[in-house]
Amino acid sequence: MNVNSLIVSTAMAEALEVIGDRWSLLVLRDVFLGVRRFEQLRQKTGASRATLTRRLESFVANDILYKCLYSTTGKRFEYRLTEKGLGLFSASLLSWQWEYLWVEQIGDVLPKRLFHSSCNHDLTPVAVCQHCKCPIEISDVEWPDLSQCLDSQFQEITAKNKQRRVRSSVKSGLEDLSLVHVSSLIGDRWSLLIIIASFLGVDRYDAFQKQLCIASNILTGRLNLLVEVDVLKRFSYQENPPRNEYRLTEKGKSLFPLVMVMRQWAIDWTFKDDAVEVLTHKRCNQALVVDVQCQHCEQKPWPRDVQFQYSDS
Ligand SMILES: [Zn+2]
Ligand SMILES: [Zn+2]
């Protein structure tokens, strides 16, 4: 099995091109919360004008947001979600959930509770198999043998990655590691690739390097960060010379449903037939299609039915 092919020949790469960075995820989160205007988005996210302008342009170009005139006098626009953009709502719910469970200080930026008005209960979003409705678990997904898969797409992405300014660490700019949000982890391509490789059972340094074609300084930096934020745990398996293994913690494993929901979104909206391999859900032996539902009423949550509560009461 070749992890490169698996990751990249999946539509994940497509999704990452669109939403794969911290600012994009922050902007989207606020759009779901009902923020639509440039200045408000700038204040909420703390993004610079230039950064926000670039992200909004990219969302419009990728059909996630559309511009809508709200004042004819000053020709002012607001940004609204398209259907494709709305499709990202489930992934956002799961990322809130993950942060709620794992980020020590969520501060005032994130809601304390999600409430599902359709069933009148707190909302716990769960990623399930559309066919059998079982929650998605790593061990229930059968990954195909992709030894014959094309590597060309991966090479393309790797080349793009290399052109980007390589940050020494994702944590730069974040004073406190307890504030490393999900957007810092999955919005960083290399961290996400390492996390996905871990889902597939890769655990040794050499194997990551081989499977991901990743430069050793980048790999070391990302592995250290992922250990520091408790997504991976380091184990020594050999003393002389010293060799380590990296295994997913519970916190790391709990990123799986979110990653699978993002993958599903990418497949649904940027489908390219032969670029998407089929995964099998072992519990029902059907091709895996991932859905998100409310744990209580088992219905799909929509923005109009979900309330974000900022106090504990
Ligand atoms: Zn199933
Ligand atoms: Zn419900």
# chains A, B, ... in the order shown; residues from 1 in each chain; ligands from 1
call {"tool": "residues_near_ligand", "arguments": {"ligand": "ligand 2", "cutoff": "12 Å", "atoms": "only C-alpha atoms and all ligand atoms", "output": "PyMOL selection string"}}
result
chain A and resi 114-126+292-302+305-307
call {"tool": "write_last_selection", "arguments": {"atoms": "N, CA and C atoms", "output": "mmCIF file, in the first residue's frame"}}
result
data_model
loop_
_atom_site.group_PDB
_atom_site.id
_atom_site.type_symbol
_atom_site.label_atom_id
_atom_site.label_comp_id
_atom_site.auth_asym_id
_atom_site.auth_seq_id
_atom_site.Cartn_x
_atom_site.Cartn_y
_atom_site.Cartn_z
ATOM 1 N N LEU A 114 -23.513 23.220 21.907
ATOM 2 C CA LEU A 114 -24.320 23.265 20.699
ATOM 3 C C LEU A 114 -25.689 22.703 21.069
ATOM 4 N N PHE A 115 -26.722 23.325 20.544
ATOM 5 C CA PHE A 115 -28.072 22.901 20.872
ATOM 6 C C PHE A 115 -28.835 22.614 19.589
ATOM 7 N N HIS A 116 -29.531 21.484 19.557
ATOM 8 C CA HIS A 116 -30.268 21.091 18.358
ATOM 9 C C HIS A 116 -31.740 21.400 18.562
ATOM 10 N N SER A 117 -32.224 22.468 17.913
ATOM 11 C CA SER A 117 -33.601 22.876 18.206
ATOM 12 C C SER A 117 -34.619 21.905 17.614
ATOM 13 N N SER A 118 -34.244 21.128 16.612
ATOM 14 C CA SER A 118 -35.202 20.166 16.043
ATOM 15 C C SER A 118 -35.631 19.115 17.059
ATOM 16 N N CYS A 119 -34.712 18.722 17.946
ATOM 17 C CA CYS A 119 -35.094 17.675 18.905
ATOM 18 C C CYS A 119 -35.035 18.187 20.338
ATOM 19 N N ASN A 120 -34.664 19.483 20.492
ATOM 20 C CA ASN A 120 -34.649 20.075 21.822
ATOM 21 C C ASN A 120 -33.626 19.443 22.776
ATOM 22 N N HIS A 121 -32.504 19.028 22.228
ATOM 23 C CA HIS A 121 -31.443 18.452 23.050
ATOM 24 C C HIS A 121 -30.109 19.078 22.694
ATOM 25 N N ASP A 122 -29.140 18.956 23.621
ATOM 26 C CA ASP A 122 -27.783 19.363 23.279
ATOM 27 C C ASP A 122 -27.354 18.548 22.065
ATOM 28 N N LEU A 123 -26.587 19.197 21.206
ATOM 29 C CA LEU A 123 -26.181 18.514 19.982
ATOM 30 C C LEU A 123 -24.794 17.901 20.128
ATOM 31 N N THR A 124 -24.733 16.591 20.000
ATOM 32 C CA THR A 124 -23.457 15.913 19.851
ATOM 33 C C THR A 124 -23.416 15.368 18.434
ATOM 34 N N PRO A 125 -22.613 15.993 17.554
ATOM 35 C CA PRO A 125 -22.572 15.509 16.179
ATOM 36 C C PRO A 125 -21.746 14.223 16.079
ATOM 37 N N VAL A 126 -22.247 13.254 15.345
ATOM 38 C CA VAL A 126 -21.539 11.978 15.194
ATOM 39 C C VAL A 126 -21.412 11.644 13.710
ATOM 40 N N VAL A 292 -23.222 12.917 8.819
ATOM 41 C CA VAL A 292 -23.151 13.388 10.204
ATOM 42 C C VAL A 292 -24.565 13.493 10.742
ATOM 43 N N GLN A 293 -24.775 12.988 11.945
ATOM 44 C CA GLN A 293 -26.106 13.103 12.534
ATOM 45 C C GLN A 293 -26.034 13.490 14.003
ATOM 46 N N CYS A 294 -27.159 13.970 14.496
ATOM 47 C CA CYS A 294 -27.295 14.308 15.915
ATOM 48 C C CYS A 294 -27.391 12.986 16.678
ATOM 49 N N GLN A 295 -26.584 12.866 17.728
ATOM 50 C CA GLN A 295 -26.576 11.610 18.467
ATOM 51 C C GLN A 295 -27.964 11.296 19.047
ATOM 52 N N HIS A 296 -28.690 12.332 19.410
ATOM 53 C CA HIS A 296 -29.988 12.111 20.047
ATOM 54 C C HIS A 296 -31.084 11.717 19.049
ATOM 55 N N CYS A 297 -31.309 12.564 18.045
ATOM 56 C CA CYS A 297 -32.460 12.309 17.153
ATOM 57 C C CYS A 297 -32.049 11.630 15.843
ATOM 58 N N GLU A 298 -30.751 11.477 15.630
ATOM 59 C CA GLU A 298 -30.223 10.795 14.447
ATOM 60 C C GLU A 298 -30.576 11.499 13.140
ATOM 61 N N GLN A 299 -30.855 12.801 13.215
ATOM 62 C CA GLN A 299 -31.094 13.580 12.000
ATOM 63 C C GLN A 299 -29.854 14.408 11.679
ATOM 64 N N LYS A 300 -29.740 14.782 10.410
ATOM 65 C CA LYS A 300 -28.609 15.613 9.996
ATOM 66 C C LYS A 300 -28.831 17.044 10.479
ATOM 67 N N PRO A 301 -27.872 17.637 11.182
ATOM 68 C CA PRO A 301 -28.059 19.014 11.642
ATOM 69 C C PRO A 301 -27.805 20.035 10.522
ATOM 70 N N TRP A 302 -28.648 21.053 10.465
ATOM 71 C CA TRP A 302 -28.485 22.155 9.510
ATOM 72 C C TRP A 302 -28.278 23.449 10.289
ATOM 73 N N ASP A 305 -31.047 24.931 12.418
ATOM 74 C CA ASP A 305 -31.543 24.162 13.573
ATOM 75 C C ASP A 305 -30.542 24.099 14.717
ATOM 76 N N VAL A 306 -29.383 24.704 14.534
ATOM 77 C CA VAL A 306 -28.348 24.564 15.561
ATOM 78 C C VAL A 306 -28.103 25.912 16.226
ATOM 79 N N GLN A 307 -28.181 25.904 17.546
ATOM 80 C CA GLN A 307 -27.872 27.132 18.285
ATOM 81 C C GLN A 307 -26.543 26.993 18.999
#
call {"tool": "residues_near_ligand", "arguments": {"ligand": "ligand 1", "cutoff": "8 Å", "atoms": "only C-alpha atoms and all ligand atoms", "output": "list in words"}}
result
Val128, Cys129, Gln130, His131, Cys132, Lys133, Cys134, His281, Lys282, Arg283, Cys284, Asn285, Gln286, Ala287 and Leu288 of chain A
call {"tool": "write_last_selection", "arguments": {"atoms": "all heavy atoms", "output": "CSV table (one decimal), in the first residue's frame"}}
result
chain,number,residue,atom,x,y,z
A,128,VAL,N,-21.3,9.0,10.9
A,128,VAL,CA,-21.8,7.6,10.8
A,128,VAL,C,-21.7,7.2,9.4
A,128,VAL,O,-21.5,8.0,8.4
A,128,VAL,CB,-23.2,7.5,11.3
A,128,VAL,CG1,-23.4,7.9,12.7
A,128,VAL,CG2,-24.2,8.3,10.4
A,129,CYS,N,-21.7,5.9,9.2
A,129,CYS,CA,-21.8,5.3,7.9
A,129,CYS,C,-23.3,5.5,7.4
A,129,CYS,O,-24.2,5.2,8.1
A,129,CYS,CB,-21.5,3.8,8.0
A,129,CYS,SG,-22.1,2.8,6.6
A,130,GLN,N,-23.4,6.0,6.2
A,130,GLN,CA,-24.8,6.3,5.7
A,130,GLN,C,-25.6,5.0,5.6
A,130,GLN,O,-26.8,5.1,5.7
A,130,GLN,CB,-24.6,7.0,4.3
A,130,GLN,CG,-25.9,7.6,3.8
A,130,GLN,CD,-25.7,8.3,2.5
A,130,GLN,OE1,-25.4,7.6,1.5
A,130,GLN,NE2,-25.8,9.6,2.4
A,131,HIS,N,-24.9,3.9,5.3
A,131,HIS,CA,-25.7,2.7,5.1
A,131,HIS,C,-26.2,2.0,6.4
A,131,HIS,O,-27.3,1.8,6.6
A,131,HIS,CB,-24.8,1.7,4.3
A,131,HIS,CG,-25.5,0.4,3.9
A,131,HIS,ND1,-26.4,0.4,2.9
A,131,HIS,CD2,-25.5,-0.8,4.5
A,131,HIS,CE1,-26.9,-0.8,2.8
A,131,HIS,NE2,-26.4,-1.6,3.8
A,132,CYS,N,-25.2,1.8,7.3
A,132,CYS,CA,-25.6,1.0,8.5
A,132,CYS,C,-25.8,1.9,9.7
A,132,CYS,O,-26.2,1.5,10.8
A,132,CYS,CB,-24.6,-0.1,8.8
A,132,CYS,SG,-23.0,0.5,9.3
A,133,LYS,N,-25.5,3.2,9.6
A,133,LYS,CA,-25.6,4.2,10.6
A,133,LYS,C,-24.7,4.0,11.9
A,133,LYS,O,-24.9,4.6,12.9
A,133,LYS,CB,-27.1,4.3,11.1
A,133,LYS,CG,-28.1,4.5,10.1
A,133,LYS,CD,-28.1,5.9,9.5
A,133,LYS,CE,-29.1,6.1,8.4
A,133,LYS,NZ,-28.8,7.3,7.6
A,134,CYS,N,-23.7,3.1,11.7
A,134,CYS,CA,-22.8,3.0,12.8
A,134,CYS,C,-21.8,4.1,12.8
A,134,CYS,O,-21.3,4.5,11.7
A,134,CYS,CB,-22.0,1.6,12.7
A,134,CYS,SG,-23.0,0.2,13.0
A,281,HIS,N,-16.8,-0.1,4.4
A,281,HIS,CA,-17.1,-0.1,5.8
A,281,HIS,C,-17.3,-1.6,6.2
A,281,HIS,O,-18.2,-2.2,5.7
A,281,HIS,CB,-18.4,0.7,6.1
A,281,HIS,CG,-18.6,1.0,7.5
A,281,HIS,ND1,-19.8,0.8,8.1
A,281,HIS,CD2,-17.7,1.4,8.5
A,281,HIS,CE1,-19.7,1.1,9.4
A,281,HIS,NE2,-18.4,1.5,9.6
A,282,LYS,N,-16.4,-2.0,7.0
A,282,LYS,CA,-16.3,-3.5,7.3
A,282,LYS,C,-17.6,-4.0,8.0
A,282,LYS,O,-18.0,-5.1,7.9
A,282,LYS,CB,-15.1,-3.8,8.2
A,282,LYS,CG,-13.8,-3.7,7.4
A,282,LYS,CD,-12.7,-4.3,8.3
A,282,LYS,CE,-11.4,-3.6,8.1
A,282,LYS,NZ,-10.4,-3.8,9.2
A,283,ARG,N,-18.2,-3.1,8.8
A,283,ARG,CA,-19.4,-3.5,9.6
A,283,ARG,C,-20.5,-3.9,8.7
A,283,ARG,O,-21.3,-4.8,9.0
A,283,ARG,CB,-19.8,-2.4,10.5
A,283,ARG,CG,-19.0,-2.3,11.7
A,283,ARG,CD,-19.5,-1.2,12.6
A,283,ARG,NE,-18.7,-1.1,13.8
A,283,ARG,CZ,-19.1,-1.4,15.0
A,283,ARG,NH1,-20.4,-1.7,15.2
A,283,ARG,NH2,-18.3,-1.2,16.1
A,284,CYS,N,-20.7,-3.2,7.5
A,284,CYS,CA,-21.8,-3.6,6.7
A,284,CYS,C,-21.4,-4.0,5.3
A,284,CYS,O,-22.2,-4.4,4.4
A,284,CYS,CB,-22.8,-2.4,6.6
A,284,CYS,SG,-22.0,-0.9,5.8
A,285,ASN,N,-20.0,-4.0,5.1
A,285,ASN,CA,-19.5,-4.4,3.8
A,285,ASN,C,-19.9,-3.6,2.6
A,285,ASN,O,-20.0,-4.1,1.5
A,285,ASN,CB,-19.8,-5.9,3.6
A,285,ASN,CG,-18.6,-6.6,3.0
A,285,ASN,OD1,-17.4,-6.0,3.0
A,285,ASN,ND2,-18.8,-7.8,2.4
A,286,GLN,N,-20.3,-2.3,2.9
A,286,GLN,CA,-20.7,-1.5,1.8
A,286,GLN,C,-19.7,-0.4,1.5
A,286,GLN,O,-18.9,-0.1,2.4
A,286,GLN,CB,-22.0,-0.8,2.1
A,286,GLN,CG,-23.2,-1.7,2.4
A,286,GLN,CD,-23.7,-2.4,1.2
A,286,GLN,OE1,-23.9,-1.8,0.2
A,286,GLN,NE2,-23.9,-3.7,1.3
A,287,ALA,N,-19.7,0.2,0.4
A,287,ALA,CA,-18.8,1.3,0.1
A,287,ALA,C,-19.1,2.4,1.1
A,287,ALA,O,-20.3,2.7,1.4
A,287,ALA,CB,-19.0,1.8,-1.3
A,288,LEU,N,-18.1,3.0,1.7
A,288,LEU,CA,-18.3,3.9,2.8
A,288,LEU,C,-18.7,5.3,2.3
A,288,LEU,O,-18.0,5.9,1.5
A,288,LEU,CB,-17.0,4.1,3.6
A,288,LEU,CG,-17.0,5.0,4.7
A,288,LEU,CD1,-18.0,4.6,5.8
A,288,LEU,CD2,-15.6,5.2,5.3
call {"tool": "residues_around", "arguments": {"residues": "segment 39-56 of chain A", "least_positions_apart": "4", "cutoff": "8 Å", "atoms": "only C-alpha atoms", "output": "list in words"}}
result
Trp23, Ser24, Leu26, Val27, Asp30, Val31, Val35, Val60 and Leu65 of chain A
call {"tool": "closest_residue", "arguments": {"among": "A:Thr73, A:Leu279, A:Leu93, A:Tyr205", "to": "Ser236 of chain A", "atoms": "only C-alpha atoms"}}
result
A:Tyr205
call {"tool": "residues_around", "arguments": {"residues": "Ile138 of chain A", "least_positions_apart": "2", "cutoff": "10 Å", "atoms": "only C-alpha atoms", "output": "number ranges by chain"}}
result
A: 136, 140-142, 199-201, 253-254, 256-257, 260, 281
